[in-house]
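What follows is the content of upload21.cif (mmCIF, C-alpha atoms).
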```cif
data_my_file
#
loop_
_atom_site.label_atom_id
_atom_site.label_comp_id
_atom_site.auth_asym_id
_atom_site.auth_seq_id
_atom_site.Cartn_x
_atom_site.Cartn_y
_atom_site.Cartn_z
CA GLN A 1434 -49.75 76.34 -75.35
CA GLU A 1435 -46.18 74.88 -75.40
CA PRO A 1436 -44.38 74.74 -71.95
CA THR A 1437 -41.50 77.12 -71.46
CA THR A 1438 -37.90 75.96 -71.14
CA SER A 1439 -38.01 76.54 -67.37
CA ASN A 1440 -41.12 74.40 -67.02
CA ASN A 1441 -39.48 71.62 -69.05
CA ALA A 1442 -36.48 71.61 -66.70
CA CYS A 1443 -38.62 71.42 -63.59
CA HIS A 1444 -40.65 68.61 -65.03
CA GLN A 1445 -37.53 66.60 -65.95
CA LEU A 1446 -36.03 67.15 -62.47
CA THR A 1447 -39.21 65.89 -60.83
CA MET A 1448 -39.18 62.76 -63.00
CA ASP A 1449 -35.53 62.05 -62.21
CA ILE A 1450 -36.08 62.37 -58.47
CA HIS A 1451 -39.10 60.08 -58.66
CA HIS A 1452 -37.10 57.48 -60.65
CA HIS A 1453 -34.15 57.56 -58.25
CA PHE A 1454 -36.47 57.24 -55.26
CA ILE A 1455 -38.02 54.09 -56.75
CA VAL A 1456 -34.61 52.54 -57.46
CA LEU A 1457 -33.31 53.39 -53.98
CA SER A 1458 -36.43 51.95 -52.37
CA PHE A 1459 -35.96 48.71 -54.30
CA ILE A 1460 -32.31 48.42 -53.19
CA VAL A 1461 -33.19 49.04 -49.53
CA LEU A 1462 -35.98 46.48 -49.69
CA SER A 1463 -33.63 43.88 -51.24
CA LEU A 1464 -31.02 44.43 -48.54
CA LEU A 1465 -33.58 44.12 -45.75
CA THR A 1466 -34.85 40.88 -47.28
CA ALA A 1467 -31.31 39.46 -47.55
CA VAL A 1468 -30.42 40.42 -43.96
CA SER A 1469 -33.62 38.82 -42.71
CA SER A 1470 -32.84 35.64 -44.67
CA TRP A 1471 -29.26 35.39 -43.34
CA ALA A 1472 -30.42 35.96 -39.75
CA THR A 1473 -32.94 33.14 -39.94
CA ASN A 1474 -30.83 30.78 -42.06
CA PRO A 1475 -27.10 30.70 -41.08
CA LYS A 1476 -26.39 28.03 -43.68
CA SER A 1477 -27.59 30.39 -46.41
CA LYS A 1478 -25.34 33.09 -44.98
CA HIS A 1479 -22.34 30.76 -44.94
CA SER A 1480 -23.01 29.71 -48.53
CA ALA A 1481 -23.24 33.28 -49.75
CA LEU A 1482 -20.00 34.26 -48.01
CA ALA A 1483 -18.25 31.16 -49.28
CA GLN A 1484 -19.01 32.18 -52.85
CA GLN A 1485 -17.30 35.52 -52.26
CA PHE A 1486 -14.34 34.13 -50.25
CA PRO A 1487 -13.71 30.54 -51.39
CA TYR A 1488 -11.29 28.34 -49.37
CA PRO A 1489 -9.94 24.82 -50.00
CA SER A 1490 -12.32 22.12 -48.85
CA ILE A 1491 -11.09 19.74 -46.14
CA THR A 1492 -11.93 16.08 -46.49
CA MET A 1493 -11.23 13.27 -44.05
CA SER A 1494 -10.87 9.69 -45.14
CA ALA A 1495 -12.62 7.06 -43.08
CA SER A 1496 -10.52 4.31 -44.63
CA THR A 1497 -8.34 2.28 -42.27
CA SER A 1498 -7.17 -0.20 -44.89
CA SER A 1499 -3.71 -1.54 -44.17
CA GLY A 1500 -2.97 -2.89 -47.63
CA ASP A 1501 -4.12 -5.48 -50.12
CA ASP A 1502 -2.46 -8.35 -48.23
CA GLY A 1503 -4.40 -7.58 -45.06
CA GLN A 1504 -1.17 -7.04 -43.12
CA GLY A 1505 -0.44 -4.00 -40.97
CA SER A 1506 1.31 -1.28 -42.94
CA LEU A 1507 3.82 -0.44 -40.19
CA LEU A 1508 6.51 -2.57 -38.58
CA VAL A 1509 4.72 -2.52 -35.23
CA SER A 1510 2.15 -4.89 -36.78
CA ASN A 1511 4.85 -7.37 -37.84
CA MET A 1512 7.23 -7.03 -34.89
CA HIS A 1513 6.21 -10.40 -33.48
CA LYS A 1514 7.63 -12.16 -36.56
CA ILE A 1515 11.17 -11.03 -35.76
CA GLY A 1516 12.88 -13.34 -33.31
CA LEU A 1517 14.97 -12.28 -30.37
CA SER A 1518 18.67 -12.20 -31.17
CA THR A 1519 19.26 -14.71 -28.35
CA ASP A 1520 16.61 -17.16 -29.60
CA ALA A 1521 18.33 -19.99 -31.49
CA SER A 1522 15.01 -21.20 -32.91
CA SER A 1523 14.16 -17.90 -34.59
CA LYS A 1524 13.40 -18.13 -38.33
CA LEU A 1525 13.77 -14.41 -39.04
CA ARG A 1526 16.63 -12.24 -37.88
CA LEU A 1527 17.70 -8.64 -38.33
CA LEU A 1528 21.30 -7.54 -38.81
CA LEU A 1529 22.35 -3.89 -38.87
CA ALA A 1530 25.40 -3.53 -41.12
CA SER A 1531 26.61 -0.42 -39.36
CA GLN A 1532 28.52 0.66 -36.28
CA SER A 1533 26.55 3.90 -35.99
CA PRO A 1534 25.23 4.43 -32.43
CA ARG A 1535 22.54 6.76 -33.84
CA ARG A 1536 21.04 4.01 -36.00
CA ARG A 1537 21.08 1.57 -33.10
CA GLU A 1538 19.34 4.19 -30.99
CA ILE A 1539 16.62 4.63 -33.63
CA LEU A 1540 16.08 0.87 -33.93
CA ASP A 1541 15.80 0.65 -30.15
CA MET A 1542 13.24 3.48 -30.13
CA MET A 1543 11.23 1.51 -32.70
CA GLY A 1544 10.94 -1.35 -30.23
CA LEU A 1545 13.58 -3.54 -31.87
CA ALA A 1546 15.96 -3.67 -28.90
CA GLY A 1547 17.00 -7.30 -28.46
CA ARG A 1548 15.66 -8.23 -31.90
CA TYR A 1549 18.71 -7.32 -33.99
CA THR A 1550 22.48 -7.57 -33.95
CA ALA A 1551 24.87 -4.89 -35.22
CA LYS A 1552 28.09 -5.46 -37.09
CA PRO A 1553 30.05 -3.06 -39.33
CA SER A 1554 29.91 -3.87 -43.03
CA PRO A 1555 33.15 -5.21 -44.54
CA LEU A 1556 32.72 -2.80 -47.44
CA ASN A 1557 35.69 -0.54 -48.20
CA GLU A 1558 33.75 2.73 -48.17
CA GLU A 1559 36.64 4.95 -49.23
CA GLU A 1560 37.22 2.98 -52.45
CA LEU A 1561 33.50 2.98 -53.23
CA GLN A 1562 33.22 6.73 -52.60
CA ILE A 1563 36.02 7.34 -55.10
CA GLU A 1564 34.29 5.04 -57.61
CA LEU A 1565 30.93 6.78 -57.22
CA SER A 1566 32.44 10.27 -57.48
CA ARG A 1567 33.97 9.31 -60.83
CA LYS A 1568 30.56 8.19 -62.11
CA LYS A 1569 29.02 11.52 -61.08
CA PHE A 1570 26.11 10.07 -59.14
CA SER A 1571 23.49 12.50 -57.88
CA PRO A 1572 23.63 12.93 -54.09
CA ARG A 1573 20.37 10.96 -53.66
CA ASP A 1574 21.61 8.05 -55.80
CA TYR A 1575 24.98 8.23 -54.08
CA ALA A 1576 23.42 7.68 -50.63
CA ARG A 1577 21.17 4.85 -51.83
CA THR A 1578 24.00 3.08 -53.66
CA LEU A 1579 26.26 3.23 -50.59
CA ALA A 1580 23.48 1.70 -48.50
CA GLU A 1581 22.93 -1.09 -51.04
CA ARG A 1582 26.64 -1.90 -51.24
CA LYS A 1583 27.01 -1.99 -47.44
CA SER A 1584 24.14 -4.42 -47.07
CA HIS A 1585 25.20 -6.58 -50.02
CA ALA A 1586 28.83 -6.78 -48.82
CA MET A 1587 27.63 -8.11 -45.48
CA GLY A 1588 25.35 -10.65 -47.17
CA VAL A 1589 28.23 -12.09 -49.20
CA THR A 1590 29.95 -13.15 -45.98
CA MET A 1591 26.90 -15.08 -44.73
CA SER A 1592 25.58 -18.55 -45.52
CA ASN A 1593 22.16 -20.14 -45.22
CA ASN A 1594 21.64 -21.92 -41.92
CA GLY A 1595 17.91 -22.53 -42.13
CA GLU A 1596 16.84 -19.02 -41.23
CA VAL A 1597 16.22 -15.75 -43.08
CA THR A 1598 18.38 -12.76 -42.18
CA LEU A 1599 17.41 -9.25 -43.23
CA ILE A 1600 20.51 -7.07 -43.52
CA ILE A 1601 20.02 -3.32 -43.04
CA GLY A 1602 22.44 -1.01 -44.81
CA SER A 1603 22.25 2.77 -44.48
CA ASP A 1604 24.28 5.86 -45.28
CA THR A 1605 23.69 9.55 -44.59
CA ILE A 1606 25.24 12.46 -46.47
CA VAL A 1607 24.87 16.24 -46.39
CA ASP A 1608 24.22 17.95 -49.71
CA LEU A 1609 25.01 21.67 -50.06
CA ASP A 1610 23.93 22.83 -53.51
CA GLY A 1611 24.91 19.48 -55.04
CA SER A 1612 28.22 19.25 -53.17
CA ILE A 1613 28.40 16.08 -51.04
CA MET A 1614 29.69 16.37 -47.49
CA GLU A 1615 30.81 13.18 -45.77
CA LYS A 1616 32.47 12.88 -42.36
CA PRO A 1617 35.28 15.42 -41.78
CA LYS A 1618 38.87 14.34 -42.20
CA ASP A 1619 40.08 16.53 -39.33
CA GLU A 1620 39.05 19.59 -37.28
CA ALA A 1621 40.06 22.02 -40.02
CA ASP A 1622 37.82 20.15 -42.47
CA ALA A 1623 34.97 20.20 -39.95
CA PHE A 1624 35.39 23.95 -39.44
CA GLU A 1625 35.24 24.59 -43.19
CA MET A 1626 32.13 22.42 -43.61
CA ILE A 1627 30.21 24.14 -40.82
CA ARG A 1628 31.25 27.59 -42.02
CA ARG A 1629 29.86 26.75 -45.48
CA LEU A 1630 26.60 25.54 -43.94
CA SER A 1631 26.25 28.60 -41.70
CA GLY A 1632 23.20 30.68 -42.58
CA ASN A 1633 22.22 28.39 -45.46
CA TRP A 1634 19.72 25.69 -46.34
CA HIS A 1635 21.08 22.25 -47.17
CA GLN A 1636 19.68 18.78 -47.79
CA VAL A 1637 20.34 15.61 -45.83
CA HIS A 1638 19.94 12.34 -47.76
CA THR A 1639 19.75 9.00 -45.98
CA GLY A 1640 19.89 5.93 -48.18
CA VAL A 1641 18.47 2.67 -46.85
CA ALA A 1642 18.69 -0.85 -48.30
CA VAL A 1643 17.70 -4.27 -47.03
CA TYR A 1644 19.04 -7.50 -48.51
CA ALA A 1645 17.75 -10.91 -47.43
CA VAL A 1646 19.87 -14.04 -47.10
CA GLY A 1647 18.29 -17.50 -46.82
CA VAL A 1648 15.03 -16.80 -48.66
CA GLY A 1649 13.74 -20.10 -50.03
CA GLY A 1650 16.70 -21.91 -48.48
CA HIS A 1651 19.20 -20.20 -50.82
CA ASP A 1652 22.46 -18.46 -49.98
CA GLU A 1653 22.05 -15.78 -52.66
CA GLU A 1654 21.26 -12.30 -51.45
CA LYS A 1655 17.91 -10.85 -52.49
CA LEU A 1656 17.35 -7.08 -52.52
CA MET A 1657 14.08 -6.53 -50.64
CA PHE A 1658 13.98 -2.74 -51.01
CA SER A 1659 16.11 0.39 -51.19
CA PHE A 1660 15.30 4.09 -51.12
CA THR A 1661 16.61 7.54 -50.27
CA ASP A 1662 14.76 9.87 -47.92
CA THR A 1663 15.57 13.59 -47.91
CA ALA A 1664 15.10 16.36 -45.34
CA LYS A 1665 15.95 20.06 -45.63
CA VAL A 1666 17.84 21.84 -42.86
CA LYS A 1667 18.50 25.55 -42.30
CA PHE A 1668 21.52 26.57 -40.21
CA ALA A 1669 21.51 29.78 -38.23
CA GLY A 1670 24.24 32.29 -38.94
CA LEU A 1671 27.23 31.15 -36.86
CA THR A 1672 30.26 33.04 -35.58
CA ASP A 1673 33.72 31.54 -35.80
CA GLU A 1674 33.61 31.22 -32.01
CA ASP A 1675 30.37 29.20 -32.22
CA ILE A 1676 31.93 26.87 -34.78
CA GLN A 1677 35.21 26.38 -32.96
CA SER A 1678 33.47 25.82 -29.63
CA TYR A 1679 31.28 23.16 -31.19
CA ILE A 1680 34.25 21.40 -32.77
CA THR A 1681 36.00 21.41 -29.38
CA THR A 1682 33.24 19.10 -28.09
CA GLN A 1683 34.44 16.52 -30.67
CA GLU A 1684 30.82 15.74 -31.56
CA PRO A 1685 31.20 16.69 -35.26
CA MET A 1686 34.12 14.39 -35.98
CA ASP A 1687 32.21 11.20 -36.84
CA LYS A 1688 29.19 12.77 -38.54
CA ALA A 1689 28.31 13.61 -42.13
CA GLY A 1690 28.42 17.36 -42.63
CA SER A 1691 30.23 17.70 -39.28
CA TYR A 1692 27.16 18.01 -37.05
CA GLY A 1693 24.66 15.88 -35.17
CA ILE A 1694 21.14 17.27 -34.96
CA GLN A 1695 20.24 14.98 -32.05
CA GLY A 1696 23.05 16.35 -29.88
CA ILE A 1697 24.81 19.63 -29.24
CA GLY A 1698 24.66 20.29 -32.98
CA GLY A 1699 20.91 20.79 -32.70
CA GLN A 1700 21.76 24.31 -31.47
CA LEU A 1701 23.07 25.14 -34.95
CA VAL A 1702 19.74 24.31 -36.63
CA GLU A 1703 17.27 27.15 -37.10
CA ARG A 1704 14.54 25.11 -38.82
CA MET A 1705 14.02 21.97 -40.88
CA GLU A 1706 11.55 20.32 -43.25
CA GLY A 1707 11.10 16.55 -43.35
CA ASP A 1708 11.75 13.61 -41.05
CA PHE A 1709 13.99 14.43 -38.09
CA PHE A 1710 15.18 10.80 -38.04
CA THR A 1711 16.38 11.10 -41.65
CA VAL A 1712 18.86 13.72 -40.45
CA MET A 1713 19.75 11.59 -37.44
CA GLY A 1714 20.60 8.61 -39.65
CA LEU A 1715 17.57 6.38 -40.35
CA PRO A 1716 14.12 7.62 -41.52
CA MET A 1717 11.96 5.84 -38.95
CA HIS A 1718 8.52 6.05 -40.55
CA ARG A 1719 9.48 5.12 -44.10
CA PHE A 1720 11.83 2.39 -42.92
CA SER A 1721 9.05 0.97 -40.72
CA ARG A 1722 6.65 0.84 -43.64
CA GLU A 1723 9.11 -0.70 -46.10
CA LEU A 1724 10.46 -3.28 -43.65
CA SER A 1725 6.92 -4.33 -42.70
CA LYS A 1726 6.08 -4.81 -46.37
CA ALA A 1727 9.23 -6.89 -46.88
CA ILE A 1728 8.46 -9.13 -43.88
CA SER A 1729 4.90 -9.66 -45.10
CA SER A 1730 6.21 -10.71 -48.52
CA LEU A 1731 8.27 -13.49 -46.89
CA ASP A 1732 5.05 -15.17 -45.71
CA MET A 1733 6.59 -16.35 -42.45
#
```

Starting from the file, lay out its structure as structure tokens.
Amino acid sequence: QEPTTSNNACHQLTMDIHHHFIVLSFIVLSLLTAVSSWATNPKSKHSALAQQFPYPSITMSASTSSGDDGQGSLLVSNMHKIGLSTDASSKLRLLLASQSPRRREILDMMGLAGRYTAKPSPLNEEELQIELSRKKFSPRDYARTLAERKSHAMGVTMSNNGEVTLIIGSDTIVDLDGSIMEKPKDEADAFEMIRRLSGNWHQVHTGVAVYAVGVGGHDEEKLMFSFTDTAKVKFAGLTDEDIQSYITTQEPMDKAGSYGIQGIGGQLVERMEGDFFTVMGLPMHRFSRELSKAISSLDM
């Protein structure tokens, strides 16, 4: 006898319930097994989670190599090779071709106090700035070229006297969207510069160059290295009263972009990216590394 339609439906419902019960039992059993495995093996748990939520791996280098020449990579490792400025028997001297008190301060902080002399470069900066503006140099190249010319101009005035002199040239400029800001001409110029910087990001480029005189017993200058280091600075939004009050302190008047981050002008800065000392006037870390490499190459 053939089953009725009602019997067929009941039979199918019973089969479906039985099938779903088996599947559900299998799922529950799998979950219990996984939980038990994670509880007894944290590493397995970590691995499983890491597959679902990957994150960048962090690696640490155990290398302490200081370079192929075996010399220390920073100036602190070669400081002993630089003679005191008062030592007549010194074979290696440093000369800062700048009258900037900020650069002298940075050199002193590096431990070079008493190991260098400072003298302003004879370079006519105004004429060179006009020349470079006509050639449409990029702000980074502009800063580096000024540094090279300052150092070279000082080297031309020197002669070999049996010692090597490393001449440090440096120049710092403020770059607002490709527009170069040098030192202000007057208070009105300073006010306009700071108002343009207010609330905006800008770049500070410091060019550095070192020429050597007396290498191999020759008078000719030798370019040891040159570079430009860049930092980004964000000014807070400033009121006219803030700007005028700052200018009244006279601090902006001898500084590129009309502010000094290491002084009262630090109050204008909301945040920055890069080397603080680049904005101050001499990128300490990179200069240390490059000068150390140059001293090592002299084999003194």

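As for atom CA of A:Glu1723 and atom CA of A:Gly1650, they are spaced 22.7 Å apart.
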
| field | Chain and number of each residue from the PyMOL selection byres ((chain A and resi 1576) around 12), as a PyMOL selection string | value | chain A and resi 1558+1561-1562+1565-1566+1570-1575+1577-1583+1602-1608+1613-1615+1637-1642+1659-1663+1689+1711+1714-1715

Restricting the output to C-alpha atoms, write the selected residues as a short mmCIF file (atom, residue, chain, number, x, y, z; two decimals), in the coordinates of the input.
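Wrote result_16.cif, looks like this:
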```cif
data_model
loop_
_atom_site.label_atom_id
_atom_site.label_comp_id
_atom_site.auth_asym_id
_atom_site.auth_seq_id
_atom_site.Cartn_x
_atom_site.Cartn_y
_atom_site.Cartn_z
CA GLU A 1558 33.75 2.73 -48.17
CA LEU A 1561 33.50 2.98 -53.23
CA GLN A 1562 33.22 6.73 -52.60
CA LEU A 1565 30.93 6.78 -57.22
CA SER A 1566 32.44 10.27 -57.48
CA PHE A 1570 26.11 10.07 -59.14
CA SER A 1571 23.49 12.50 -57.88
CA PRO A 1572 23.63 12.93 -54.09
CA ARG A 1573 20.37 10.96 -53.66
CA ASP A 1574 21.61 8.05 -55.80
CA TYR A 1575 24.98 8.23 -54.08
CA ARG A 1577 21.17 4.85 -51.83
CA THR A 1578 24.00 3.08 -53.66
CA LEU A 1579 26.26 3.23 -50.59
CA ALA A 1580 23.48 1.70 -48.50
CA GLU A 1581 22.93 -1.09 -51.04
CA ARG A 1582 26.64 -1.90 -51.24
CA LYS A 1583 27.01 -1.99 -47.44
CA GLY A 1602 22.44 -1.01 -44.81
CA SER A 1603 22.25 2.77 -44.48
CA ASP A 1604 24.28 5.86 -45.28
CA THR A 1605 23.69 9.55 -44.59
CA ILE A 1606 25.24 12.46 -46.47
CA VAL A 1607 24.87 16.24 -46.39
CA ASP A 1608 24.22 17.95 -49.71
CA ILE A 1613 28.40 16.08 -51.04
CA MET A 1614 29.69 16.37 -47.49
CA GLU A 1615 30.81 13.18 -45.77
CA VAL A 1637 20.34 15.61 -45.83
CA HIS A 1638 19.94 12.34 -47.76
CA THR A 1639 19.75 9.00 -45.98
CA GLY A 1640 19.89 5.93 -48.18
CA VAL A 1641 18.47 2.67 -46.85
CA ALA A 1642 18.69 -0.85 -48.30
CA SER A 1659 16.11 0.39 -51.19
CA PHE A 1660 15.30 4.09 -51.12
CA THR A 1661 16.61 7.54 -50.27
CA ASP A 1662 14.76 9.87 -47.92
CA THR A 1663 15.57 13.59 -47.91
CA ALA A 1689 28.31 13.61 -42.13
CA THR A 1711 16.38 11.10 -41.65
CA GLY A 1714 20.60 8.61 -39.65
CA LEU A 1715 17.57 6.38 -40.35
#
```

| task | To verify the selection step, state as JSON, numbers by chain which residues the PyMOL selection byres ((chain A and resi 1667-1682) around 9) yields on this input. | result | {"A": [1620, 1623, 1624, 1627, 1628, 1630, 1631, 1632, 1633, 1634, 1635, 1636, 1665, 1666, 1683, 1684, 1685, 1686, 1691, 1692, 1697, 1698, 1700, 1701, 1702, 1703, 1704, 1705, 1706]}

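Between atom CA of A:Leu1609 and atom CA of A:Arg1722 there is a distance of 28.5 Å.
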
| field | Non-local contacts of A:Met1512 (10 Å; all atoms listed in the file; under 3 positions in same chain excluded) as a PyMOL selection string | value | chain A and resi 1507-1509+1515-1516+1543-1545+1548+1725+1728

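For the choices A:Ser1729, A:Ser1506, A:Asn1557, A:Ser1523, the atom-to-atom distance to A:Met1657 is smallest for A:Ser1729 when using all atoms listed in the file.
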
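Atom to atom, atom CA of A:Lys1688 and atom CA of A:Arg1535 stand 10.1 Å apart.
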
| task | Quick one: everything within 10 Å of A:Leu1528, counting all atoms listed in the file, minus sequence neighbours fewer than 5 positions away in the same chain. Send it as a VMD selection string. | result | chain A and resid 1518 1548 to 1553 1584 1587 to 1588 1598 to 1602 1643 to 1645

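Shortest separation to A:His1718 among A:Ser1533, A:Ile1694, A:Ile1539, A:Gly1611 occurs at residue A:Ile1539, atoms counted being all atoms listed in the file.
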
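Proximity of A:Ser1510, A:Ser1721, A:Ser1612, A:Asn1594 to A:Val1648, computed with all atoms listed in the file, is greatest for A:Asn1594.
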